[in-house]
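*Asks:* Sending over work_30.txt (compact mmCIF, C-alpha atoms).
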# COMPACT_ATOMS: atom_id res chain seq x y z
CA MET A 1 157.39 77.03 42.73
CA TYR A 2 156.44 74.79 45.67
CA ALA A 3 159.85 75.26 47.33
CA LEU A 4 159.67 79.04 46.93
CA LEU A 5 156.15 79.21 48.33
CA ARG A 6 157.18 77.06 51.29
CA GLN A 7 160.14 79.34 51.94
CA VAL A 8 157.96 82.48 51.83
CA HIS A 9 155.40 80.80 54.15
CA MET A 10 158.12 79.80 56.59
CA TYR A 11 159.93 83.14 56.61
CA LEU A 12 156.73 85.12 57.12
CA GLY A 13 155.84 82.80 59.99
CA LEU A 14 159.22 83.32 61.66
CA LEU A 15 159.01 87.10 61.23
CA SER A 16 155.54 87.35 62.75
CA TRP A 17 155.77 84.50 65.25
CA THR A 18 155.39 86.67 68.35
CA PHE A 19 152.29 88.30 66.93
CA LEU A 20 150.73 84.88 66.32
CA LEU A 21 151.20 84.00 69.99
CA ILE A 22 149.84 87.40 71.06
CA LEU A 23 146.71 86.77 68.97
CA GLY A 24 146.27 83.53 70.88
CA ILE A 25 146.69 85.27 74.24
CA ALA A 26 144.34 88.10 73.21
CA GLY A 27 141.61 85.64 72.25
CA LEU A 28 141.96 83.74 75.52
CA THR A 29 141.96 86.99 77.52
CA GLY A 30 138.77 88.07 75.73
CA THR A 31 137.16 84.72 76.50
CA PHE A 32 138.06 84.67 80.17
CA ARG A 33 137.84 88.42 80.88
CA TYR A 34 134.96 87.98 83.36
CA ALA A 35 136.61 85.00 85.02
CA LEU A 36 139.82 87.02 85.42
CA GLY A 37 137.70 89.61 87.25
CA GLY A 38 139.47 92.74 88.41
CA SER A 39 142.50 92.41 86.25
CA ARG A 40 143.60 95.94 87.07
CA GLY A 41 145.68 96.35 90.17
CA GLU A 42 145.23 98.70 93.11
CA PRO A 43 144.99 102.38 92.16
CA HIS A 44 148.09 104.49 92.53
CA VAL A 45 147.18 108.08 93.43
CA ARG A 46 149.43 111.10 93.22
CA MET A 47 149.02 114.88 93.16
CA GLU A 48 150.84 117.17 90.74
CA ALA A 49 151.07 120.93 90.44
CA CYS A 50 149.29 122.33 87.39
CA THR A 51 148.16 125.87 86.69
CA VAL A 52 145.31 126.05 84.22
CA PRO A 53 145.11 129.35 82.32
CA PRO A 54 141.72 131.08 82.61
CA ASN A 55 139.01 131.10 79.92
CA LEU A 56 139.86 127.73 78.42
CA THR A 57 137.19 125.34 77.20
CA ASP A 58 137.07 121.93 78.86
CA LYS A 59 138.80 120.30 75.88
CA GLN A 60 141.50 122.95 75.93
CA VAL A 61 142.03 122.22 79.63
CA VAL A 62 142.53 118.55 78.74
CA GLU A 63 145.12 119.48 76.11
CA HIS A 64 146.86 121.81 78.55
CA VAL A 65 146.99 119.12 81.24
CA TRP A 66 148.24 116.55 78.74
CA GLU A 67 151.01 118.87 77.55
CA THR A 68 151.98 119.65 81.15
CA LEU A 69 152.09 116.04 82.30
CA GLN A 70 153.29 114.34 79.11
CA LEU A 71 151.78 111.07 80.29
CA PRO A 72 153.50 108.33 78.30
CA LEU A 73 151.52 106.31 75.72
CA THR A 74 148.52 108.66 75.82
CA ALA A 75 147.07 111.25 73.47
CA PRO A 76 144.55 114.04 74.16
CA GLN A 77 142.33 112.56 71.43
CA TYR A 78 142.27 109.31 73.39
CA MET A 79 140.46 110.88 76.34
CA PHE A 80 137.08 109.68 77.59
CA GLY A 81 134.48 110.55 80.22
CA LEU A 82 134.99 114.32 80.25
CA GLN A 83 132.68 115.71 82.94
CA ARG A 84 132.38 118.20 85.80
CA ASP A 85 131.37 117.14 89.30
CA ARG A 86 129.17 119.00 91.80
CA ASP A 87 132.13 121.16 92.82
CA ASN A 88 132.71 122.04 89.15
CA ARG A 89 135.95 120.04 89.03
CA LEU A 90 136.82 118.69 85.62
CA SER A 91 137.60 115.00 85.41
CA PHE A 92 138.51 112.71 82.51
CA THR A 93 140.21 109.42 81.74
CA PHE A 94 143.13 108.40 79.56
CA TYR A 95 143.16 104.79 78.38
CA PHE A 96 146.48 103.31 77.34
CA GLU A 97 148.04 99.90 76.80
CA ASN A 98 149.21 99.57 80.41
CA GLY A 99 146.00 100.68 82.11
CA ILE A 100 143.94 103.79 82.75
CA SER A 101 144.57 107.16 84.36
CA ASN A 102 141.68 109.09 85.90
CA LEU A 103 142.51 112.79 86.21
CA THR A 104 140.73 115.43 88.28
CA VAL A 105 141.65 119.10 87.89
CA PHE A 106 141.56 121.27 91.02
CA GLU A 107 141.70 124.57 89.17
CA LYS A 108 141.51 126.86 92.22
CA GLU A 109 144.23 124.95 94.05
CA ASN A 110 146.38 124.65 90.89
CA ARG A 111 146.66 120.92 91.40
CA LEU A 112 145.90 117.69 89.62
CA ARG A 113 144.85 114.36 91.06
CA ILE A 114 146.07 111.41 89.01
CA GLU A 115 144.75 107.96 89.79
CA THR A 116 146.39 105.23 87.73
CA ARG A 117 145.39 101.57 87.56
CA ARG A 118 147.73 99.16 85.87
CA ASN A 119 146.48 96.32 83.66
CA SER A 120 147.48 92.70 84.20
CA LEU A 121 150.00 91.31 81.73
CA TRP A 122 147.19 89.51 79.85
CA GLU A 123 145.09 92.66 79.52
CA TYR A 124 148.20 94.51 78.42
CA LEU A 125 148.91 92.00 75.63
CA ASP A 126 145.24 92.08 74.62
CA ASN A 127 145.41 95.89 74.35
CA LEU A 128 148.64 95.63 72.41
CA HIS A 129 147.03 93.35 69.80
CA ALA A 130 144.41 96.08 69.24
CA THR A 131 146.96 98.89 68.86
CA ALA A 132 147.22 99.55 65.15
CA VAL A 133 148.64 102.16 62.79
CA ASN A 134 145.47 104.27 63.02
CA THR A 135 146.10 105.03 66.71
CA PRO A 136 146.44 108.77 67.46
CA ILE A 137 149.23 108.05 69.95
CA ARG A 138 152.54 109.42 68.64
CA ASP A 139 154.89 107.71 71.12
CA TRP A 140 157.81 106.17 69.18
CA ARG A 141 157.49 102.79 70.92
CA ILE A 142 153.82 102.55 69.99
CA ARG A 143 154.61 103.68 66.43
CA LEU A 144 157.21 100.91 66.03
CA TRP A 145 154.81 98.37 67.49
CA THR A 146 152.04 99.36 65.07
CA TYR A 147 154.41 98.85 62.12
CA TYR A 148 155.13 95.34 63.39
CA GLU A 149 151.43 94.64 63.83
CA GLU A 150 150.60 95.94 60.35
CA PHE A 151 153.30 93.75 58.82
CA SER A 152 152.15 90.73 60.81
CA THR A 153 148.50 91.13 59.80
CA TRP A 154 149.42 91.09 56.11
CA ALA A 155 151.89 88.28 56.77
CA LEU A 156 149.14 86.22 58.42
CA LEU A 157 146.87 86.77 55.43
CA ALA A 158 149.69 85.77 53.08
CA MET A 159 150.43 82.69 55.21
CA ALA A 160 146.78 81.60 55.16
CA LEU A 161 146.71 81.83 51.38
CA SER A 162 150.18 80.36 50.76
CA GLY A 163 149.47 77.59 53.27
CA THR A 164 146.33 76.64 51.37
CA CYS A 165 148.30 76.61 48.10
CA LEU A 166 151.00 74.43 49.69
CA TRP A 167 148.38 71.96 50.89
CA LEU A 168 146.65 71.79 47.50
CA MET A 169 149.99 71.46 45.65
CA SER A 170 151.42 68.73 47.86
CA ARG A 171 148.49 66.70 49.17
CA PRO A 172 145.28 67.68 47.39
CA GLY A 173 143.69 64.30 48.04
CA HIS A 174 144.13 64.36 51.81
CA ARG A 175 140.62 63.41 52.86
CA VAL A 176 140.82 64.44 56.51
CA ALA A 177 142.15 67.88 55.60
CA LEU A 178 139.51 68.29 52.90
CA ALA A 179 136.73 67.22 55.27
CA LEU A 180 137.93 69.63 57.98
CA PHE A 181 138.26 72.46 55.46
CA LEU A 182 134.77 71.97 54.01
CA SER A 183 133.17 71.53 57.46
CA SER A 184 134.84 74.66 58.76
CA CYS A 185 133.88 76.76 55.72
CA THR A 186 130.29 75.50 55.89
CA LEU A 187 130.05 76.25 59.61
CA PHE A 188 131.46 79.72 59.09
CA LEU A 189 129.04 80.48 56.25
CA VAL A 190 126.02 79.25 58.20
CA LEU A 191 127.00 81.31 61.25
CA PHE A 192 127.67 84.36 59.10
CA ILE A 193 124.30 84.11 57.35
CA LEU A 194 122.54 83.70 60.70
CA SER A 195 124.34 86.80 62.04
CA ARG A 196 122.13 89.25 60.17
CA MET B 197 157.59 62.84 64.31
CA TYR B 198 157.94 65.44 61.55
CA ARG B 199 155.03 63.92 59.59
CA TRP B 200 152.89 63.94 62.69
CA PHE B 201 153.60 67.63 63.29
CA ARG B 202 153.02 68.42 59.60
CA ASP B 203 149.60 66.76 59.72
CA ILE B 204 148.65 68.55 62.95
CA HIS B 205 149.77 71.88 61.43
CA LEU B 206 147.70 71.19 58.30
CA PHE B 207 144.58 70.05 60.18
CA LEU B 208 144.62 73.04 62.52
CA ALA B 209 145.21 75.47 59.66
CA VAL B 210 142.40 74.18 57.43
CA LEU B 211 140.05 74.06 60.42
CA ALA B 212 140.74 77.70 61.26
CA PHE B 213 141.13 78.92 57.66
CA PRO B 214 137.83 80.85 57.23
CA PHE B 215 138.18 82.33 60.71
CA ILE B 216 141.79 83.42 60.12
CA LEU B 217 140.71 85.00 56.84
CA MET B 218 137.88 86.77 58.68
CA TYR B 219 140.24 88.09 61.38
CA CYS B 220 142.74 89.37 58.78
CA VAL B 221 140.17 91.04 56.51
CA SER B 222 138.26 92.61 59.43
CA THR B 223 141.51 93.88 60.96
CA ILE B 224 142.42 95.55 57.67
CA ARG B 225 138.92 97.05 57.53
CA MET B 226 139.14 98.34 61.13
CA VAL B 227 142.61 99.80 60.69
CA HIS B 228 142.17 101.29 57.22
CA ARG B 229 138.61 102.56 57.36
CA SER B 230 139.21 105.17 54.67
CA TRP B 231 139.88 102.41 52.13
CA PHE B 232 136.29 101.22 52.38
CA SER B 233 132.95 102.96 52.01
CA ASP B 234 130.81 101.43 54.73
CA LYS B 235 127.30 102.76 54.48
CA ILE B 236 124.48 101.76 56.75
CA HIS B 237 121.06 101.64 55.11
CA TRP B 238 118.53 102.96 57.60
CA THR B 239 114.79 102.35 57.63
CA GLU B 240 112.25 103.59 60.14
CA ARG B 241 108.95 102.21 61.38
CA GLU B 242 106.56 102.82 64.23
CA VAL B 243 104.97 100.08 66.30
CA GLU B 244 102.32 100.17 69.00
CA VAL B 245 103.32 98.89 72.43
CA GLY B 246 100.97 99.04 75.39
CA THR B 247 102.18 101.13 78.33
CA PHE B 248 101.71 98.12 80.60
CA ASP B 249 104.07 96.08 78.39
CA ALA B 250 106.74 98.76 78.44
CA GLU B 251 107.21 99.54 82.10
CA SER B 252 110.95 99.31 81.65
CA GLY B 253 113.44 99.19 78.80
CA ARG B 254 114.00 95.47 79.32
CA ALA B 255 110.25 94.80 79.21
CA LEU B 256 109.95 96.80 75.99
CA ALA B 257 112.85 94.85 74.49
CA GLN B 258 111.04 91.57 75.26
CA VAL B 259 107.91 92.83 73.51
CA LEU B 260 109.96 93.91 70.49
CA PHE B 261 111.71 90.51 70.40
CA GLN B 262 108.51 88.48 70.69
CA GLN B 263 106.00 90.54 68.73
CA HIS B 264 108.01 92.56 66.25
CA GLY B 265 110.83 90.22 65.26
CA LEU B 266 113.78 92.21 66.58
CA ARG B 267 116.94 90.25 67.43
CA GLY B 268 120.11 91.08 69.24
CA GLU B 269 121.45 92.37 72.52
CA VAL B 270 120.15 95.36 74.45
CA ALA B 271 123.08 97.73 74.28
CA GLN B 272 121.95 100.79 76.24
CA ILE B 273 118.80 102.13 77.87
CA THR B 274 118.42 105.79 78.83
CA SER B 275 115.41 107.61 80.21
CA THR B 276 113.93 110.52 78.28
CA GLU B 277 111.25 113.04 79.26
CA SER B 278 108.47 111.07 77.59
CA GLY B 279 109.76 107.51 78.01
CA PHE B 280 113.12 106.01 77.15
CA GLN B 281 115.43 105.25 74.30
CA MET B 282 117.52 102.17 73.75
CA ALA B 283 119.60 100.27 71.26
CA ILE B 284 119.24 96.64 70.28
CA GLU B 285 122.19 95.41 68.27
CA SER B 286 122.94 92.18 66.47
CA LEU B 287 126.07 91.58 64.40
CA GLY B 288 124.27 92.56 61.20
CA THR B 289 121.62 95.04 62.32
CA LEU B 290 121.53 98.10 64.56
CA ASN B 291 118.19 99.18 66.01
CA GLN B 292 117.70 102.55 67.68
CA ILE B 293 114.42 102.68 69.59
CA GLN B 294 112.55 105.65 70.99
CA TYR B 295 109.53 104.89 73.15
CA SER B 296 106.93 107.41 74.22
CA ARG B 297 104.67 106.63 77.19
CA GLN B 298 102.15 109.25 76.05
CA THR B 299 101.47 107.69 72.66
CA GLY B 300 102.38 104.10 73.61
CA LYS B 301 104.36 103.86 70.40
CA ALA B 302 107.96 102.92 69.72
CA THR B 303 109.87 104.28 66.76
CA ILE B 304 112.38 101.73 65.49
CA ARG B 305 115.20 102.97 63.29
CA SER B 306 116.96 99.92 61.82
CA GLY B 307 120.28 99.93 59.99
CA VAL B 308 121.75 96.99 58.11
CA VAL B 309 125.55 97.03 58.30
CA SER B 310 127.82 96.17 55.37
CA PHE B 311 129.55 92.83 54.86
CA LEU B 312 132.86 94.16 56.23
CA GLN B 313 131.21 95.84 59.21
CA ARG B 314 129.59 92.53 60.07
CA LEU B 315 132.99 90.85 59.89
CA ALA B 316 134.38 93.51 62.22
CA GLY B 317 131.50 92.92 64.63
CA ILE B 318 132.23 89.18 64.62
CA HIS B 319 135.94 89.91 65.19
CA GLU B 320 135.09 91.84 68.35
CA THR B 321 132.77 89.14 69.72
CA THR B 322 134.67 87.30 72.42
CA GLY B 323 133.62 85.64 75.64
CA LEU B 324 130.72 83.36 76.43
CA ARG B 325 128.45 85.70 78.37
CA HIS B 326 126.38 87.21 75.59
CA GLU B 327 122.59 87.45 75.59
CA THR B 328 122.27 85.58 72.30
CA ASN B 329 123.42 82.03 71.59
CA LEU B 330 124.82 83.08 68.24
CA SER B 331 127.20 85.58 69.83
CA ASN B 332 128.26 82.89 72.30
CA VAL B 333 129.02 80.54 69.40
CA TRP B 334 131.20 83.24 67.83
CA GLY B 335 132.83 83.77 71.22
CA LEU B 336 133.51 80.04 71.42
CA SER B 337 135.03 80.07 67.94
CA ALA B 338 137.32 82.93 69.01
CA PHE B 339 138.45 80.78 71.95
CA VAL B 340 139.15 77.76 69.73
CA VAL B 341 140.93 79.81 67.07
CA SER B 342 143.08 81.45 69.77
CA ILE B 343 144.33 78.05 70.84
CA ILE B 344 144.86 77.11 67.18
CA PHE B 345 146.94 80.28 66.66
CA ALA B 346 149.26 79.27 69.47
CA LEU B 347 149.49 75.66 68.27
CA LEU B 348 150.17 76.73 64.67
CA GLY B 349 153.02 78.87 65.97
CA LEU B 350 154.51 76.02 67.98
CA THR B 351 154.15 73.31 65.30
CA GLY B 352 155.46 75.77 62.70
CA ILE B 353 158.61 76.36 64.74
CA TYR B 354 159.20 72.62 64.99
CA MET B 355 158.74 72.17 61.25
CA TRP B 356 161.14 75.00 60.44
CA PHE B 357 163.79 73.54 62.75
CA HIS B 358 163.45 70.21 60.97
CA PHE B 359 164.75 71.77 57.71
CA HIS B 360 168.48 71.81 58.34
CA LYS B 361 169.33 74.06 55.41
CA GLU B 362 166.77 76.65 56.59
CA ARG B 363 168.02 76.79 60.16
CA LYS B 364 170.58 79.54 59.69
CA ILE B 365 168.46 82.09 57.85
CA GLY B 366 165.42 81.08 59.89
CA ALA B 367 167.29 81.68 63.13
CA ILE B 368 168.29 85.14 61.92
CA LEU B 369 164.70 86.01 60.98
CA LEU B 370 163.29 84.61 64.23
CA GLY B 371 165.99 86.41 66.21
CA LEU B 372 165.16 89.70 64.50
CA ASN B 373 161.48 89.17 65.19
CA LEU B 374 162.00 88.33 68.85
CA ALA B 375 164.43 91.17 69.46
CA TYR B 376 162.11 93.71 67.84
CA SER B 377 158.76 92.51 69.19
CA LEU B 378 159.80 91.43 72.69
CA GLY B 379 161.97 94.53 73.03
CA LEU B 380 158.96 96.71 72.26
CA ILE B 381 156.66 94.70 74.53
CA VAL B 382 159.07 95.31 77.43
CA LEU B 383 159.66 98.98 76.52
CA ILE B 384 155.93 99.77 76.29
CA ARG B 385 155.15 97.83 79.48
CA THR B 386 157.78 99.76 81.41
CA ALA B 387 157.02 103.20 79.89
Can the structure from this file be put into structure tokens for me?
*Replies:*
Amino acid sequence: MYALLRQVHMYLGLLSWTFLLILGIAGLTGTFRYALGGSRGEPHVRMEACTVPPNLTDKQVVEHVWETLQLPLTAPQYMFGLQRDRDNRLSFTFYFENGISNLTVFEKENRLRIETRRNSLWEYLDNLHATAVNTPIRDWRIRLWTYYEEFSTWALLAMALSGTCLWLMSRPGHRVALALFLSSCTLFLVLFILSR
Amino acid sequence: MYRWFRDIHLFLAVLAFPFILMYCVSTIRMVHRSWFSDKIHWTEREVEVGTFDAESGRALAQVLFQQHGLRGEVAQITSTESGFQMAIESLGTLNQIQYSRQTGKATIRSGVVSFLQRLAGIHETTGLRHETNLSNVWGLSAFVVSIIFALLGLTGIYMWFHFHKERKIGAILLGLNLAYSLGLIVLIRTA
């Protein structure tokens, strides 16, 4: 039983090893986000031709633009900041793993302004750790990634539980481990109760 | 050397155990929301606040903290025709506040989040620049656990490599993992 559990623990760890490291990077990125400052690079601006059919609602315009451009790794449902400026130009933002794209529609001129800012590698990995199977993005690369993340989350849970069993089966009387475990659980419970 | 790594792996894992469990359970809750029925129980009350004490949203928040027992971080303040509205949020409680200058009263709508919602809130608390010390402590724990994650991965790899009879199958599994995950990381980055 012990040997089997150890094997399962080890194999799950090897299969989700990259995800474990990404969790570490994501936590460090979250901690030092302010220190990292402007982690997005210089904006890249380009103009594209785009004819918007008349009598569309603003959300329909967004869908039309998205279908015209086919921006990778985005989805029309993942659009934020929809607004019109003083000149009645529609603008909105697509967030995606690699950065953000701010779009402005020049309906009369049949043109689109696309300003893209690319995330740093750390921000990118942080975004990737938060990209899960409930994302509306249908891109095949993102889909495959979310399957890996889903598997790794359950694998991590299984490793935490199997690891605890392995410890209790092999060295239940290890005082340092027991002291650390009890201290950590107590600290967590106290913090959780205080977080009302 | 192996024993040393095994002890380090064990110590780090037991130290991070409740936090790892929290991250896993809250991730499952965030990803599969339909599996859970998270209901917020709302209550409403009205409190008197002098107009002098509530010249701004921040000033009102201070009065609510000191005199009416509210806790948390001021999330958003927006002006309304008669005064302003704001949100004060802690990990376990959401407060929506409407203040009217004419009446000098603030309506506080408080909602207590469920156990799993609180876990999700803790999960998302990173960094050390929060308004409350408690959030900063959670942010600090996220930092420590992040380092532990990386160290568990590295010590785990060493321990696997130490088992000679597991090297072959382990190398295949690790190779599959690296090819799949790193391949996707590169493909998505270059999309």
*Asks:* Excluding B:Leu369 and its own-chain neighbours fewer than 6 positions away, which residues fall within 9 Å of it when counting only C-alpha atoms? Please give them as an MDAnalysis selection string.
*Replies:* chainID A and resid 11:12 14:15
*Asks:* Kindly extract all protein, DNA and RNA residues lying within 12 Å of the coordinates (132.2, 94.0, 68.4) given in the file, considering only C-alpha atoms, and supply them as a ChimeraX atom specification.
*Replies:* /A:30 /B:222-223,226,269,271,285-288,313-323,326,331,334-335
*Asks:* Listing only residues of chain A within 8 Å of chain B, what is the closest atom pair and its distance in Å (to one decimal) for each, using all atoms listed in the file, sorted by chain and residue number ascending, as a tab-separated table?
*Replies:*
residue	atom	partner	partner_atom	distance
A:Met10	CA	B:Trp356	CA	6.9
A:Tyr11	CA	B:Gly366	CA	6.7
A:Gly13	CA	B:Gly352	CA	7.5
A:Leu14	CA	B:Leu370	CA	5.0
A:Leu15	CA	B:Asn373	CA	5.1
A:Ser16	CA	B:Asn373	CA	6.7
A:Trp17	CA	B:Gly349	CA	6.3
A:Thr18	CA	B:Ser377	CA	6.8
A:Leu20	CA	B:Phe345	CA	6.0
A:Leu21	CA	B:Ala346	CA	5.1
A:Leu23	CA	B:Ser342	CA	6.5
A:Gly24	CA	B:Ser342	CA	4.0
A:Ile25	CA	B:Ser342	CA	6.9
A:Ala26	CA	B:Ser342	CA	7.6
A:Gly27	CA	B:Ser342	CA	5.1
A:Leu28	CA	B:Phe339	CA	5.8
A:Gly30	CA	B:Thr322	CA	5.3
A:Thr31	CA	B:Gly323	CA	3.8
A:Phe32	CA	B:Gly323	CA	6.4
A:Arg33	CA	B:Gly323	CA	7.3
A:Pro72	CA	B:Ala387	CA	6.4
A:Leu73	CA	B:Ala387	CA	7.6
A:Glu97	CA	B:Arg385	CA	7.9
A:Asn98	CA	B:Arg385	CA	6.3
A:Tyr124	CA	B:Arg385	CA	7.8
A:Ala132	CA	B:Val227	CA	6.4
A:Val133	CA	B:Val227	CA	6.8
A:Asn134	CA	B:Val227	CA	5.8
A:Arg141	CA	B:Ile384	CA	6.4
A:Ile142	CA	B:Ile384	CA	7.2
A:Leu144	CA	B:Leu380	CA	7.7
A:Trp145	CA	B:Leu380	CA	6.5
A:Tyr148	CA	B:Ser377	CA	7.4
A:Thr153	CA	B:Cys220	CA	6.1
A:Trp154	CA	B:Cys220	CA	7.4
A:Leu156	CA	B:Cys220	CA	7.1
A:Leu157	CA	B:Cys220	CA	5.9
A:Ala160	CA	B:Phe213	CA	6.7
A:Gly163	CA	B:Ala209	CA	8.0
A:Thr164	CA	B:Val210	CA	7.6
A:Trp167	CA	B:Leu206	CA	7.5
A:Val176	CA	B:Phe207	CA	7.7
A:Ala177	CA	B:Phe207	CA	5.6
A:Leu178	CA	B:Val210	CA	8.0
A:Leu180	CA	B:Leu211	CA	5.5
A:Phe181	CA	B:Val210	CA	4.9
A:Ser183	CA	B:Leu211	CA	7.9
A:Ser184	CA	B:Leu211	CA	5.5
A:Cys185	CA	B:Pro214	CA	5.9
A:Phe188	CA	B:Pro214	CA	6.7
A:Leu191	CA	B:Leu330	CA	7.5
A:Leu194	CA	B:Leu330	CA	7.9
A:Ser195	CA	B:Leu287	CA	5.6
A:Arg196	CA	B:Gly288	CA	4.1
*Asks:* Nearest residue to B:Gly253 out of B:Leu266, B:Ile293, B:Leu312, B:Ile273, using only C-alpha atoms?
*Replies:*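 Answer, going by the shortest atom-to-atom distance: B:Ile273.
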*Asks:* Give me the residues near A:Thr68 as an MDAnalysis selection string, where near means some atom within 10 Å (using all atoms listed in the file) and where sequence neighbours in that chain fewer than 5 positions away do not count.
*Replies:* chainID A and resid 48:52 62:63
*Asks:* Would you write out those residues with C-alpha atoms, as a PDB file, in the coordinates of the input?
*Replies:*
ATOM      1  CA  GLU A  48     150.840 117.170  90.740  1.00  0.00           C
ATOM      2  CA  ALA A  49     151.070 120.930  90.440  1.00  0.00           C
ATOM      3  CA  CYS A  50     149.290 122.330  87.390  1.00  0.00           C
ATOM      4  CA  THR A  51     148.160 125.870  86.690  1.00  0.00           C
ATOM      5  CA  VAL A  52     145.310 126.050  84.220  1.00  0.00           C
ATOM      6  CA  VAL A  62     142.530 118.550  78.740  1.00  0.00           C
ATOM      7  CA  GLU A  63     145.120 119.480  76.110  1.00  0.00           C
TER       8      GLU A  63
END
*Asks:* What is the distance between atom CA of B:Ser306 and atom CA of B:Asn291, in Å to one decimal?
*Replies:* 4.4 Å
*Asks:* Taking N, CA and C atoms as the atom set, what does stretch 317-335 of chain B look like once completed, written as a PDB file, in the coordinates of the input?
*Replies:*
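File written: out_31.pdb
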ATOM      1  N   GLY B 317     132.313  93.219  63.446  1.00  0.00           N
ATOM      2  CA  GLY B 317     131.500  92.920  64.630  1.00  0.00           C
ATOM      3  C   GLY B 317     131.791  91.520  65.148  1.00  0.00           C
ATOM      4  N   ILE B 318     131.926  90.566  64.232  1.00  0.00           N
ATOM      5  CA  ILE B 318     132.230  89.180  64.620  1.00  0.00           C
ATOM      6  C   ILE B 318     133.620  89.129  65.265  1.00  0.00           C
ATOM      7  N   HIS B 319     134.568  89.853  64.672  1.00  0.00           N
ATOM      8  CA  HIS B 319     135.940  89.910  65.190  1.00  0.00           C
ATOM      9  C   HIS B 319     135.940  90.332  66.663  1.00  0.00           C
ATOM     10  N   GLU B 320     135.083  91.292  66.981  1.00  0.00           N
ATOM     11  CA  GLU B 320     135.090  91.840  68.350  1.00  0.00           C
ATOM     12  C   GLU B 320     134.257  91.022  69.330  1.00  0.00           C
ATOM     13  N   THR B 321     133.614  89.959  68.836  1.00  0.00           N
ATOM     14  CA  THR B 321     132.770  89.140  69.720  1.00  0.00           C
ATOM     15  C   THR B 321     133.608  88.063  70.396  1.00  0.00           C
ATOM     16  N   THR B 322     133.940  88.315  71.643  1.00  0.00           N
ATOM     17  CA  THR B 322     134.670  87.300  72.420  1.00  0.00           C
ATOM     18  C   THR B 322     133.913  87.035  73.706  1.00  0.00           C
ATOM     19  N   GLY B 323     134.275  85.959  74.373  1.00  0.00           N
ATOM     20  CA  GLY B 323     133.620  85.640  75.640  1.00  0.00           C
ATOM     21  C   GLY B 323     132.358  84.819  75.416  1.00  0.00           C
ATOM     22  N   LEU B 324     131.862  84.277  76.517  1.00  0.00           N
ATOM     23  CA  LEU B 324     130.720  83.360  76.430  1.00  0.00           C
ATOM     24  C   LEU B 324     129.553  83.850  77.278  1.00  0.00           C
ATOM     25  N   ARG B 325     129.501  85.161  77.507  1.00  0.00           N
ATOM     26  CA  ARG B 325     128.450  85.700  78.370  1.00  0.00           C
ATOM     27  C   ARG B 325     127.530  86.653  77.626  1.00  0.00           C
ATOM     28  N   HIS B 326     127.260  86.337  76.373  1.00  0.00           N
ATOM     29  CA  HIS B 326     126.380  87.210  75.590  1.00  0.00           C
ATOM     30  C   HIS B 326     124.923  86.813  75.809  1.00  0.00           C
ATOM     31  N   GLU B 327     124.028  87.729  75.419  1.00  0.00           N
ATOM     32  CA  GLU B 327     122.590  87.450  75.590  1.00  0.00           C
ATOM     33  C   GLU B 327     122.076  86.505  74.519  1.00  0.00           C
ATOM     34  N   THR B 328     122.748  86.459  73.372  1.00  0.00           N
ATOM     35  CA  THR B 328     122.270  85.580  72.300  1.00  0.00           C
ATOM     36  C   THR B 328     123.213  84.383  72.145  1.00  0.00           C
ATOM     37  N   ASN B 329     122.610  83.236  71.778  1.00  0.00           N
ATOM     38  CA  ASN B 329     123.420  82.030  71.590  1.00  0.00           C
ATOM     39  C   ASN B 329     124.402  82.179  70.445  1.00  0.00           C
ATOM     40  N   LEU B 330     123.959  82.908  69.408  1.00  0.00           N
ATOM     41  CA  LEU B 330     124.820  83.080  68.240  1.00  0.00           C
ATOM     42  C   LEU B 330     126.121  83.796  68.614  1.00  0.00           C
ATOM     43  N   SER B 331     125.996  84.848  69.397  1.00  0.00           N
ATOM     44  CA  SER B 331     127.200  85.580  69.830  1.00  0.00           C
ATOM     45  C   SER B 331     128.090  84.682  70.680  1.00  0.00           C
ATOM     46  N   ASN B 332     127.465  83.829  71.489  1.00  0.00           N
ATOM     47  CA  ASN B 332     128.260  82.890  72.300  1.00  0.00           C
ATOM     48  C   ASN B 332     128.992  81.879  71.433  1.00  0.00           C
ATOM     49  N   VAL B 333     128.350  81.472  70.326  1.00  0.00           N
ATOM     50  CA  VAL B 333     129.020  80.540  69.400  1.00  0.00           C
ATOM     51  C   VAL B 333     130.229  81.236  68.761  1.00  0.00           C
ATOM     52  N   TRP B 334     130.055  82.499  68.367  1.00  0.00           N
ATOM     53  CA  TRP B 334     131.200  83.240  67.830  1.00  0.00           C
ATOM     54  C   TRP B 334     132.290  83.400  68.899  1.00  0.00           C
ATOM     55  N   GLY B 335     131.863  83.651  70.118  1.00  0.00           N
ATOM     56  CA  GLY B 335     132.830  83.770  71.220  1.00  0.00           C
ATOM     57  C   GLY B 335     133.600  82.467  71.415  1.00  0.00           C
TER      58      GLY B 335
END
